[in-house]
Each structure stands twice: as C-alpha cells, then as structure tokens.
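Participant: Coordinates in entry.txt, compact mmCIF, C-alpha atoms and all ligand atoms, are listed below.
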```txt
# COMPACT_ATOMS: atom_id res chain seq x y z
CA MET V 1 126.19 43.59 211.52
CA ASN V 2 127.20 39.94 211.07
CA GLN V 3 127.35 37.91 207.88
CA PRO V 4 123.83 37.55 206.45
CA VAL V 5 121.94 34.33 207.03
CA SER V 6 122.01 32.40 203.75
CA ARG V 7 118.90 31.82 201.66
CA ALA V 8 119.79 28.11 201.73
CA SER V 9 119.39 28.01 205.52
CA VAL V 10 116.00 29.77 205.30
CA HIS V 11 114.96 27.15 202.75
CA ALA V 12 116.14 24.30 205.03
CA PHE V 13 114.39 25.82 208.06
CA TYR V 14 110.99 25.89 206.34
CA ALA V 15 111.40 22.54 204.60
CA ASP V 16 112.03 20.92 207.98
CA ALA V 17 109.44 22.86 210.02
CA ILE V 18 106.66 22.29 207.50
CA LEU V 19 107.45 18.65 206.79
CA ARG V 20 107.39 17.88 210.52
CA GLY V 21 104.30 20.05 211.11
CA ARG V 22 106.31 22.04 213.70
CA ASN V 23 104.91 25.31 214.85
CA THR V 24 107.48 28.10 214.92
CA ALA V 25 107.67 31.54 216.55
CA GLU V 26 105.74 32.89 213.53
CA ASN V 27 102.93 30.34 214.05
CA LEU V 28 103.06 28.53 210.72
CA GLN V 29 99.99 26.51 211.62
CA ALA V 30 97.80 29.58 212.27
CA ALA V 31 94.33 29.79 210.74
CA THR V 32 93.62 32.28 207.93
CA SER V 33 93.26 35.90 209.07
CA GLU V 34 89.87 37.55 209.63
CA ARG V 35 90.74 40.08 206.92
CA PHE V 36 91.35 37.31 204.43
CA ASN V 37 88.17 35.47 205.45
CA THR V 38 86.13 38.63 204.96
CA LEU V 39 87.70 39.20 201.55
CA LEU V 40 87.07 35.61 200.46
CA GLU V 41 83.42 35.78 201.52
CA SER V 42 82.94 39.03 199.58
CA ILE V 43 84.18 37.67 196.23
CA GLY V 44 81.37 37.52 193.69
CA ASP V 45 80.66 35.71 190.42
CA GLY V 46 82.66 38.17 188.27
CA THR V 47 85.95 36.81 189.64
CA PRO V 48 87.62 33.87 187.88
CA ARG V 49 87.64 30.76 190.14
CA THR V 50 91.41 30.44 189.91
CA ALA V 51 93.90 31.38 192.61
CA LEU V 52 97.63 31.55 193.17
CA ASP V 53 99.14 31.15 196.65
CA LEU V 54 102.79 32.22 196.68
CA GLY V 55 104.83 30.81 199.59
CA TYR V 56 101.97 28.60 200.80
CA GLY V 57 103.89 27.15 203.79
CA ALA V 58 101.63 24.78 205.73
CA GLY V 59 98.97 25.38 203.05
CA THR V 60 96.30 27.03 205.18
CA TYR V 61 95.41 29.72 202.61
CA THR V 62 95.60 27.26 199.71
CA ILE V 63 93.18 24.92 201.45
CA ALA V 64 90.78 27.76 202.35
CA LEU V 65 90.73 28.84 198.68
CA ALA V 66 90.19 25.28 197.42
CA ARG V 67 87.36 24.75 199.91
CA ALA V 68 85.78 27.97 198.65
CA GLY V 69 85.71 26.52 195.12
CA PHE V 70 88.92 27.93 193.60
CA ARG V 71 91.38 25.93 191.53
CA VAL V 72 94.63 26.81 193.30
CA VAL V 73 98.22 26.86 192.05
CA ALA V 74 100.27 26.64 195.27
CA VAL V 75 103.92 27.70 194.96
CA ASP V 76 106.68 27.29 197.53
CA GLN V 77 110.38 26.55 197.56
CA ILE V 78 109.77 23.50 199.79
CA PRO V 79 109.02 20.02 198.41
CA SER V 80 105.35 19.69 197.51
CA ASN V 81 104.88 16.41 199.40
CA SER V 82 104.37 18.27 202.71
CA LEU V 83 101.25 19.94 201.30
CA LEU V 84 100.05 16.79 199.57
CA GLN V 85 100.29 14.96 202.93
CA ARG V 86 98.03 17.56 204.50
CA ILE V 87 95.39 17.23 201.86
CA ASP V 88 92.73 14.66 202.46
CA ASP V 89 92.26 12.89 199.13
CA GLY V 90 88.73 11.96 200.07
CA SER V 91 87.67 15.60 200.25
CA ASP V 92 85.73 17.19 197.40
CA TRP V 93 88.24 20.08 197.09
CA ALA V 94 91.66 18.31 197.11
CA HIS V 95 91.65 17.84 193.32
CA ARG V 96 91.57 21.64 192.88
CA ILE V 97 95.09 22.08 194.32
CA GLU V 98 98.22 21.94 192.18
CA ALA V 99 101.40 22.25 194.29
CA ARG V 100 104.54 23.49 192.54
CA GLU V 101 108.04 23.43 194.01
CA CYS V 102 109.45 26.68 192.67
CA LEU V 103 110.86 29.98 193.86
CA ALA V 104 108.16 32.64 193.86
CA GLU V 105 110.43 34.94 191.84
CA HIS V 106 110.75 32.25 189.15
CA PHE V 107 107.02 31.71 188.82
CA ALA V 108 105.98 32.51 185.25
CA PHE V 109 102.48 33.99 185.05
CA ASP V 110 100.57 32.47 182.19
CA GLU V 111 96.99 32.85 183.31
CA ASN V 112 94.47 35.19 184.83
CA PHE V 113 94.18 34.40 188.55
CA GLY V 114 91.02 35.69 190.22
CA VAL V 115 92.84 35.75 193.56
CA VAL V 116 96.57 36.07 194.29
CA VAL V 117 97.77 35.52 197.86
CA ALA V 118 101.32 36.18 199.05
CA LYS V 119 101.42 36.06 202.83
CA ASP V 120 104.61 36.45 204.85
CA VAL V 121 106.85 35.57 201.92
CA LEU V 122 107.65 38.61 199.75
CA HIS V 123 110.02 40.12 202.35
CA TYR V 124 112.42 37.25 201.59
CA LEU V 125 112.75 38.28 197.94
CA ALA V 126 115.00 40.97 196.49
CA ARG V 127 113.18 44.25 195.81
CA ARG V 128 113.48 43.95 192.04
CA ASP V 129 111.95 40.45 192.23
CA VAL V 130 109.02 41.62 194.40
CA GLU V 131 108.33 44.42 191.96
CA SER V 132 108.64 42.37 188.77
CA LEU V 133 106.51 39.56 190.25
CA LEU V 134 103.67 41.92 191.18
CA THR V 135 103.94 43.78 187.86
CA SER V 136 103.63 40.52 186.01
CA ALA V 137 100.64 39.42 188.16
CA ILE V 138 98.91 42.70 187.31
CA ALA V 139 99.69 42.36 183.60
CA HIS V 140 97.76 39.05 183.57
CA ALA V 141 94.78 40.33 185.57
CA ARG V 142 91.47 40.51 183.70
CA GLY V 143 88.17 41.19 185.44
CA ALA V 144 87.42 41.45 189.14
CA ASN V 145 90.76 40.23 190.50
CA TYR V 146 91.91 40.44 194.11
CA HIS V 147 95.44 40.47 195.47
CA TYR V 148 95.97 39.81 199.17
CA LEU V 149 99.51 40.48 200.38
CA GLU V 150 101.00 40.49 203.85
CA VAL V 151 104.56 41.75 203.79
CA PHE V 152 106.95 42.45 206.65
CA THR V 153 108.69 45.80 206.47
CA GLY V 154 111.06 47.61 208.85
CA ILE V 155 112.34 44.25 210.12
CA THR V 156 114.66 43.81 213.13
CA ARG V 157 115.80 40.21 213.74
CA ARG V 158 117.99 39.03 216.58
CA SER V 159 119.80 35.78 217.36
CA ALA V 160 119.33 34.11 220.79
CA ASP V 161 122.44 35.98 222.01
CA GLY V 162 121.05 39.34 220.87
CA ARG V 163 123.02 39.86 217.62
CA LEU V 164 121.28 41.63 214.75
CA LEU V 165 120.61 39.31 211.81
CA ARG V 166 119.62 39.88 208.23
CA ILE V 167 118.90 37.45 205.42
CA GLU V 168 120.92 37.38 202.22
CA GLY V 169 119.22 39.40 199.47
CA GLU V 170 116.03 40.23 201.40
CA ALA V 171 113.96 43.25 200.34
CA ASP V 172 114.34 45.19 203.61
CA TYR V 173 111.63 47.76 202.75
CA SER V 174 110.71 50.48 205.21
CA PRO V 175 106.91 50.76 205.64
CA ASP V 176 106.87 54.01 203.62
CA ALA V 177 109.06 52.69 200.81
CA PHE V 178 106.84 49.61 200.51
CA ARG V 179 103.65 51.67 200.44
CA GLN V 180 105.09 53.83 197.65
CA VAL V 181 106.04 50.77 195.61
CA ILE V 182 102.55 49.33 196.00
CA GLU V 183 100.85 52.60 195.05
CA ARG V 184 103.01 52.87 191.94
CA ILE V 185 102.60 49.25 190.81
CA TYR V 186 98.85 48.99 191.50
CA ASP V 187 98.07 52.13 189.54
CA GLY V 188 94.32 52.15 188.72
CA TRP V 189 93.40 49.44 191.28
CA ASP V 190 91.42 50.02 194.49
CA LEU V 191 93.97 49.75 197.26
CA THR V 192 93.84 49.26 201.00
CA VAL V 193 97.20 49.24 202.81
CA LEU V 194 97.05 48.56 206.55
CA LEU V 195 100.11 48.72 208.80
CA SER V 196 100.34 46.92 212.14
CA GLU V 197 103.18 46.23 214.54
CA HIS V 198 104.28 42.62 214.84
CA ALA V 199 106.69 40.82 217.21
CA GLU V 200 107.74 37.21 217.69
CA GLN V 201 109.43 35.79 220.78
CA ASP V 202 112.24 33.30 221.09
CA SER V 203 110.72 30.58 223.32
CA ARG V 204 114.17 29.84 224.83
CA THR V 205 115.03 33.39 225.93
CA GLY V 206 111.56 34.98 226.16
CA ARG V 207 112.97 37.97 224.25
CA ASN V 208 111.76 39.30 220.92
CA CYS V 209 113.65 37.69 218.04
CA PHE V 210 111.65 39.41 215.27
CA GLU V 211 110.02 42.83 215.17
CA ALA V 212 108.46 44.37 212.09
CA THR V 213 105.64 46.42 210.65
CA ARG V 214 103.29 44.13 208.81
CA ALA V 215 101.82 45.70 205.67
CA THR V 216 98.55 44.10 204.61
CA VAL V 217 97.60 45.01 201.05
CA ILE V 218 94.18 44.31 199.57
CA ALA V 219 94.14 45.32 195.92
CA THR V 220 91.05 45.06 193.72
CA ASN V 221 91.17 45.42 189.97
CA ARG V 222 88.84 48.27 189.05
CA THR V 223 88.82 47.45 185.36
CA ALA V 224 86.34 44.65 186.12
C1 LIG T 1 106.36 32.48 206.99
S1 LIG T 1 105.99 31.21 205.89
C2 LIG T 1 104.39 31.73 205.32
C3 LIG T 1 103.51 30.59 204.94
C4 LIG T 1 102.07 30.93 204.54
N1 LIG T 1 102.00 31.87 203.45
C5 LIG T 1 101.30 31.46 205.73
O1 LIG T 1 101.23 32.66 205.91
O2 LIG T 1 100.78 30.63 206.50
C6 LIG T 1 107.02 31.60 204.52
C7 LIG T 1 106.97 30.58 203.40
O3 LIG T 1 107.58 31.18 202.26
C8 LIG T 1 108.41 30.23 201.64
N2 LIG T 1 109.44 30.98 200.89
C9 LIG T 1 110.41 31.79 201.37
N3 LIG T 1 111.10 32.32 200.35
C10 LIG T 1 110.55 31.85 199.21
C11 LIG T 1 110.80 32.05 197.82
N4 LIG T 1 111.78 32.86 197.41
N5 LIG T 1 110.04 31.39 196.92
C12 LIG T 1 109.04 30.56 197.33
N6 LIG T 1 108.75 30.34 198.63
C13 LIG T 1 109.48 30.98 199.55
C14 LIG T 1 108.95 29.38 202.78
O4 LIG T 1 109.38 28.11 202.32
C15 LIG T 1 107.73 29.30 203.68
O5 LIG T 1 106.92 28.20 203.36
```
Transcribe the structure of this file into structure tokens.
Facilitator:
Amino acid sequence: MNQPVSRASVHAFYADAILRGRNTAENLQAATSERFNTLLESIGDGTPRTALDLGYGAGTYTIALARAGFRVVAVDQIPSNSLLQRIDDGSDWAHRIEARECLAEHFAFDENFGVVVAKDVLHYLARRDVESLLTSAIAHARGANYHYLEVFTGITRRSADGRLLRIEGEADYSPDAFRQVIERIYDGWDLTVLLSEHAEQDSRTGRNCFEATRATVIATNRTA
C-alpha cells in the first residue's frame, strides 16, 4: 500500500468542491435520503427542536432540518461561508442555522440536541474519536432524541491508475466491527442498523474508485 493520503488534502478537496458547488463522484449535491425524510416526518413534540449536523458538506441535511423548524448547529472543517452563501437570507428558516468551522472530533457537546446527523463523515475520523464523539452525544441526550448516522465501512479506494489508497488516520471499520461498536455505545437505545453496498465511479476511467458497505444507523433514545 502507498503512503496514506493526508488529512490536509481531504480538507482541501472538500473546501474547494463545496465552495465551487462542484458535484463529485459521491454526489455532494444529492437530496436528503428517503430514510432521513421518513425519520424527520416521524419526529413528534417530545423531541427538542435543536439539531446538530456533523460534516454538513453542501448543507442539504442542515437546510432540511432548519426548514422543519429545528435550530441547527452545523459543523464542518470547511469555511462556513460556503454554507452561508447557500442560505437565502430572505427565508423564514435561515436564522435557525449556526455554521461552525471546526473538526467534528473537536466539537464540545454542551446541549441536548433532539436530532444528531452525521452523514458520510465519521469514516474520516480515528476510531477513538468516533467512539468518544458518539459517547459524548449520548451523555447529553435527554428525552426523545434521534441520531441518524451514515458511515462507510469496509472501504476500498483506488487512484485513477488502480493503486489502493487509504486516508491518514481514518477509522477503517469492517461492517461487523462498526455494528459492535454501535451496539455497545447505544446501550439502552432503540437501534436500527442497515447495511448496503455502495460504489462510486471515476468519471475519467469509468472504473470504481470507491467501494464500501454503507452502515445507516437510526438510534432513538428510549429513556424519553
Ligand atoms: C462526503 S461529505 C458529506 C457531506 C454531507 N454530510 C452529506 O452527506 O451531504 C463529507 C464532509 O465531511 C467533512 N469532514 C471530513 N472530515 C471532517 C472532520 N474531521 N471534521 C469535520 N468535518 C469533516 C468534509 O469537509 C465534507 O464536507
């Protein structure tokens, strides 16, 4: 295996793609998933109207939450101006969004979020950071809280010339290892863990550049 791709180059890739509104092989501009939409529609009055979106990217989930009436703290390593540009100030939901430029693993929980979203971001973190972040989110949960996570596991990445690539410090969970971590950390919560195969193609070569098992976790706090 070659030298790992640095975290700094991952940071630069997203900062550029999102600022320019470029769509990438992973479809950064995609709409929110049906699973997420169904979850959002099912949330009742017992859930605090506060949400956290970790690794918000183009901001699609943040905006959906704000439109649904949540005050949203949106965290990403990229400069916040790309999200602010996407928000229409004239809308009646824009004022609910607070964008923070911060690493997800440095985010300090200090409130009870009714909804926590982390989609396609946690695989970039080190395992200990994923686990301490989720543990801390759970420690602050009071009432009918929902966590919606989509995490890539069992990842194979290839460069355009077919070399295997990995990213410095990434969690690199197998699907089973990730499921076990989730079941341990979300002890006492209602849990759904769905696994699906995922592939992305390099538009230049037509070959797969990314293959993984996507783990979708929907966790509901039972102590509500
Ligand atoms: C694949 S995009 C996902 C964006 C969005 N959640 C979605 O699904 O549409 C990954 C995002 O995670 C961010 N990211 C990667 N590592 C991060 C970290 N350690 N802390 C905060 N953000 C990170 C990137 O800047 C990028 O915006």
Participant: What is the distance between atom C3 of ligand LIG 1 (chain T) and atom CA of V:Lys119, in Å to one decimal?
Facilitator: 6.2 Å
Participant: Mind listing the residues within 8 Å of ligand LIG 1 (chain T), all atoms listed in the file counted, as a PyMOL selection string?
Facilitator: chain V and resi 7+10-11+13-15+18+26-32+53-61+75-78+101-106+117-122+124-125
Participant: Could you dump the residues just selected with C-alpha atoms as a tab-separated table (two decimals), in the frame of the given file?
Facilitator:
```
chain	number	residue	atom	x	y	z
V	7	ARG	CA	118.90	31.82	201.66
V	10	VAL	CA	116.00	29.77	205.30
V	11	HIS	CA	114.96	27.15	202.75
V	13	PHE	CA	114.39	25.82	208.06
V	14	TYR	CA	110.99	25.89	206.34
V	15	ALA	CA	111.40	22.54	204.60
V	18	ILE	CA	106.66	22.29	207.50
V	26	GLU	CA	105.74	32.89	213.53
V	27	ASN	CA	102.93	30.34	214.05
V	28	LEU	CA	103.06	28.53	210.72
V	29	GLN	CA	99.99	26.51	211.62
V	30	ALA	CA	97.80	29.58	212.27
V	31	ALA	CA	94.33	29.79	210.74
V	32	THR	CA	93.62	32.28	207.93
V	53	ASP	CA	99.14	31.15	196.65
V	54	LEU	CA	102.79	32.22	196.68
V	55	GLY	CA	104.83	30.81	199.59
V	56	TYR	CA	101.97	28.60	200.80
V	57	GLY	CA	103.89	27.15	203.79
V	58	ALA	CA	101.63	24.78	205.73
V	59	GLY	CA	98.97	25.38	203.05
V	60	THR	CA	96.30	27.03	205.18
V	61	TYR	CA	95.41	29.72	202.61
V	75	VAL	CA	103.92	27.70	194.96
V	76	ASP	CA	106.68	27.29	197.53
V	77	GLN	CA	110.38	26.55	197.56
V	78	ILE	CA	109.77	23.50	199.79
V	101	GLU	CA	108.04	23.43	194.01
V	102	CYS	CA	109.45	26.68	192.67
V	103	LEU	CA	110.86	29.98	193.86
V	104	ALA	CA	108.16	32.64	193.86
V	105	GLU	CA	110.43	34.94	191.84
V	106	HIS	CA	110.75	32.25	189.15
V	117	VAL	CA	97.77	35.52	197.86
V	118	ALA	CA	101.32	36.18	199.05
V	119	LYS	CA	101.42	36.06	202.83
V	120	ASP	CA	104.61	36.45	204.85
V	121	VAL	CA	106.85	35.57	201.92
V	122	LEU	CA	107.65	38.61	199.75
V	124	TYR	CA	112.42	37.25	201.59
V	125	LEU	CA	112.75	38.28	197.94
```
Participant: Could you tell me how far atom CA of V:Ile97 lies from atom CA of V:Arg71, in Å and to one decimal?
Facilitator: 6.0 Å
Participant: Choose the residue, out of V:Ala8, V:Ala215, V:Ile167, V:Ala68, that has the smallest atom-to-atom separation from V:Asp92; count only C-alpha atoms.
Facilitator: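 Among the listed residues, the smallest separation from V:Asp92 belongs to V:Ala68.
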Participant: Taking 5 positions as the minimum chain separation for residues in the same chain, which residues sit within 10 Å of V:Phe152 when counting all atoms listed in the file? Answer as a VMD selection string.
Facilitator: chain V and resid 119 to 124 171 to 175 178 195 to 198 211 to 216
Participant: Return the single residue from V:Ala160, V:Leu40, V:Phe109, V:Phe70 that is closest to V:Ser132, with distances computed using all atoms listed in the file.
Facilitator: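 Nearest to V:Ser132: V:Phe109.
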Participant: Write out as a list of chain:residue names each polymer residue whose atoms come within 10 Å of V:Thr205, counting only C-alpha atoms; drop sequence neighbours fewer than 2 positions from it.
Facilitator: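 Once the nearby chain positions are removed, what remains is V:Ala160, V:Asp161, V:Gly162, V:Gln201, V:Asp202, V:Ser203, V:Arg207, V:Asn208, V:Cys209.
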Participant: Which residue gives the smallest distance to V:Val193 among V:Arg86, V:Phe113, V:Thr24, V:Arg35, with only C-alpha atoms counted?
Facilitator: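 Checking each candidate against V:Val193, we get V:Arg35 as the closest.
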Participant: Just checking: using all atoms listed in the file, which residue out of V:Ala219, V:Val115, V:Ala17, V:Ala177 ends up closest to V:Ile43?
Facilitator: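 Comparing V:Ala219, V:Val115, V:Ala17, V:Ala177 against V:Ile43, the winner is V:Val115.
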Participant: One number please: atom CA of V:Tyr148 to atom CA of V:Arg127, in Å, one decimal.
Facilitator: 18.1 Å
Participant: V:Glu34, V:Glu111, V:Asp176, V:Asp89: which is nearest V:His140, counting all atoms listed in the file?
Facilitator: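 The shortest atom-to-atom distance to V:His140 comes from V:Glu111.
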Participant: Scan for residues within 7 Å of the point (101.3, 46.6, 185.6) in the coordinates of the file, using only C-alpha atoms, and reply as a PyMOL selection string.
Facilitator: chain V and resi 135-136+138-139+185-186
Participant: Taking C-alpha atoms for each residue, export the selection above as a PDB file, in the coordinates of the input.
Facilitator:
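Contents of the output file again.pdb:
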```pdb
ATOM      1  CA  THR V 135     103.940  43.780 187.860  1.00  0.00           C
ATOM      2  CA  SER V 136     103.630  40.520 186.010  1.00  0.00           C
ATOM      3  CA  ILE V 138      98.910  42.700 187.310  1.00  0.00           C
ATOM      4  CA  ALA V 139      99.690  42.360 183.600  1.00  0.00           C
ATOM      5  CA  ILE V 185     102.600  49.250 190.810  1.00  0.00           C
ATOM      6  CA  TYR V 186      98.850  48.990 191.500  1.00  0.00           C
TER       7      TYR V 186
END
```
Participant: Let me know the centre plus edge lengths, in Å and rounded to one decimal, of a box with edges along x, y and z that contains all listed atoms of stretch 83-88 of chain V and is padded by 6 Å on every side, as lines of an AutoDock Vina configuration file.
Facilitator:
```
center_x = 97.0
center_y = 17.3
center_z = 202.0
size_x = 20.5
size_y = 17.3
size_z = 16.9
```
Participant: V:Thr50, V:Asn112, V:Ser80, V:Ser6: which is nearest V:Arg96, counting only C-alpha atoms?
Facilitator: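 For V:Arg96, the nearest of the given residues is V:Thr50.
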Participant: Export N, CA and C atoms of stretch 120-132 of chain V from the structure just given, as a PDB file, in the first residue's frame?
Facilitator:
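After the write, result_6.pdb holds the following:
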```pdb
ATOM      1  N   ASP V 120     -21.861  10.435   6.124  1.00  0.00           N
ATOM      2  CA  ASP V 120     -20.673  10.299   5.258  1.00  0.00           C
ATOM      3  C   ASP V 120     -19.483  11.103   5.779  1.00  0.00           C
ATOM      4  N   VAL V 121     -19.316  11.144   7.079  1.00  0.00           N
ATOM      5  CA  VAL V 121     -18.185  11.892   7.643  1.00  0.00           C
ATOM      6  C   VAL V 121     -17.396  11.079   8.672  1.00  0.00           C
ATOM      7  N   LEU V 122     -18.068  10.240   9.467  1.00  0.00           N
ATOM      8  CA  LEU V 122     -17.366   9.625  10.605  1.00  0.00           C
ATOM      9  C   LEU V 122     -16.258   8.672  10.163  1.00  0.00           C
ATOM     10  N   HIS V 123     -16.341   8.156   8.941  1.00  0.00           N
ATOM     11  CA  HIS V 123     -15.273   7.232   8.493  1.00  0.00           C
ATOM     12  C   HIS V 123     -13.927   7.948   8.362  1.00  0.00           C
ATOM     13  N   TYR V 124     -13.942   9.279   8.273  1.00  0.00           N
ATOM     14  CA  TYR V 124     -12.683  10.029   8.171  1.00  0.00           C
ATOM     15  C   TYR V 124     -11.974  10.167   9.518  1.00  0.00           C
ATOM     16  N   LEU V 125     -12.715   9.942  10.600  1.00  0.00           N
ATOM     17  CA  LEU V 125     -12.140  10.158  11.936  1.00  0.00           C
ATOM     18  C   LEU V 125     -11.411   8.900  12.415  1.00  0.00           C
ATOM     19  N   ALA V 126     -10.543   9.065  13.389  1.00  0.00           N
ATOM     20  CA  ALA V 126      -9.916   7.911  14.038  1.00  0.00           C
ATOM     21  C   ALA V 126     -10.977   7.201  14.879  1.00  0.00           C
ATOM     22  N   ARG V 127     -10.816   5.894  15.056  1.00  0.00           N
ATOM     23  CA  ARG V 127     -11.832   5.136  15.813  1.00  0.00           C
ATOM     24  C   ARG V 127     -12.091   5.722  17.192  1.00  0.00           C
ATOM     25  N   ARG V 128     -11.031   6.067  17.902  1.00  0.00           N
ATOM     26  CA  ARG V 128     -11.246   6.569  19.276  1.00  0.00           C
ATOM     27  C   ARG V 128     -12.042   7.867  19.244  1.00  0.00           C
ATOM     28  N   ASP V 129     -11.869   8.667  18.174  1.00  0.00           N
ATOM     29  CA  ASP V 129     -12.620   9.928  18.075  1.00  0.00           C
ATOM     30  C   ASP V 129     -14.091   9.670  17.737  1.00  0.00           C
ATOM     31  N   VAL V 130     -14.351   8.693  16.866  1.00  0.00           N
ATOM     32  CA  VAL V 130     -15.748   8.347  16.552  1.00  0.00           C
ATOM     33  C   VAL V 130     -16.438   7.932  17.844  1.00  0.00           C
ATOM     34  N   GLU V 131     -15.758   7.077  18.604  1.00  0.00           N
ATOM     35  CA  GLU V 131     -16.394   6.493  19.782  1.00  0.00           C
ATOM     36  C   GLU V 131     -16.574   7.533  20.889  1.00  0.00           C
ATOM     37  N   SER V 132     -15.577   8.417  21.073  1.00  0.00           N
ATOM     38  CA  SER V 132     -15.758   9.409  22.142  1.00  0.00           C
ATOM     39  C   SER V 132     -16.784  10.468  21.735  1.00  0.00           C
TER      40      SER V 132
END
```
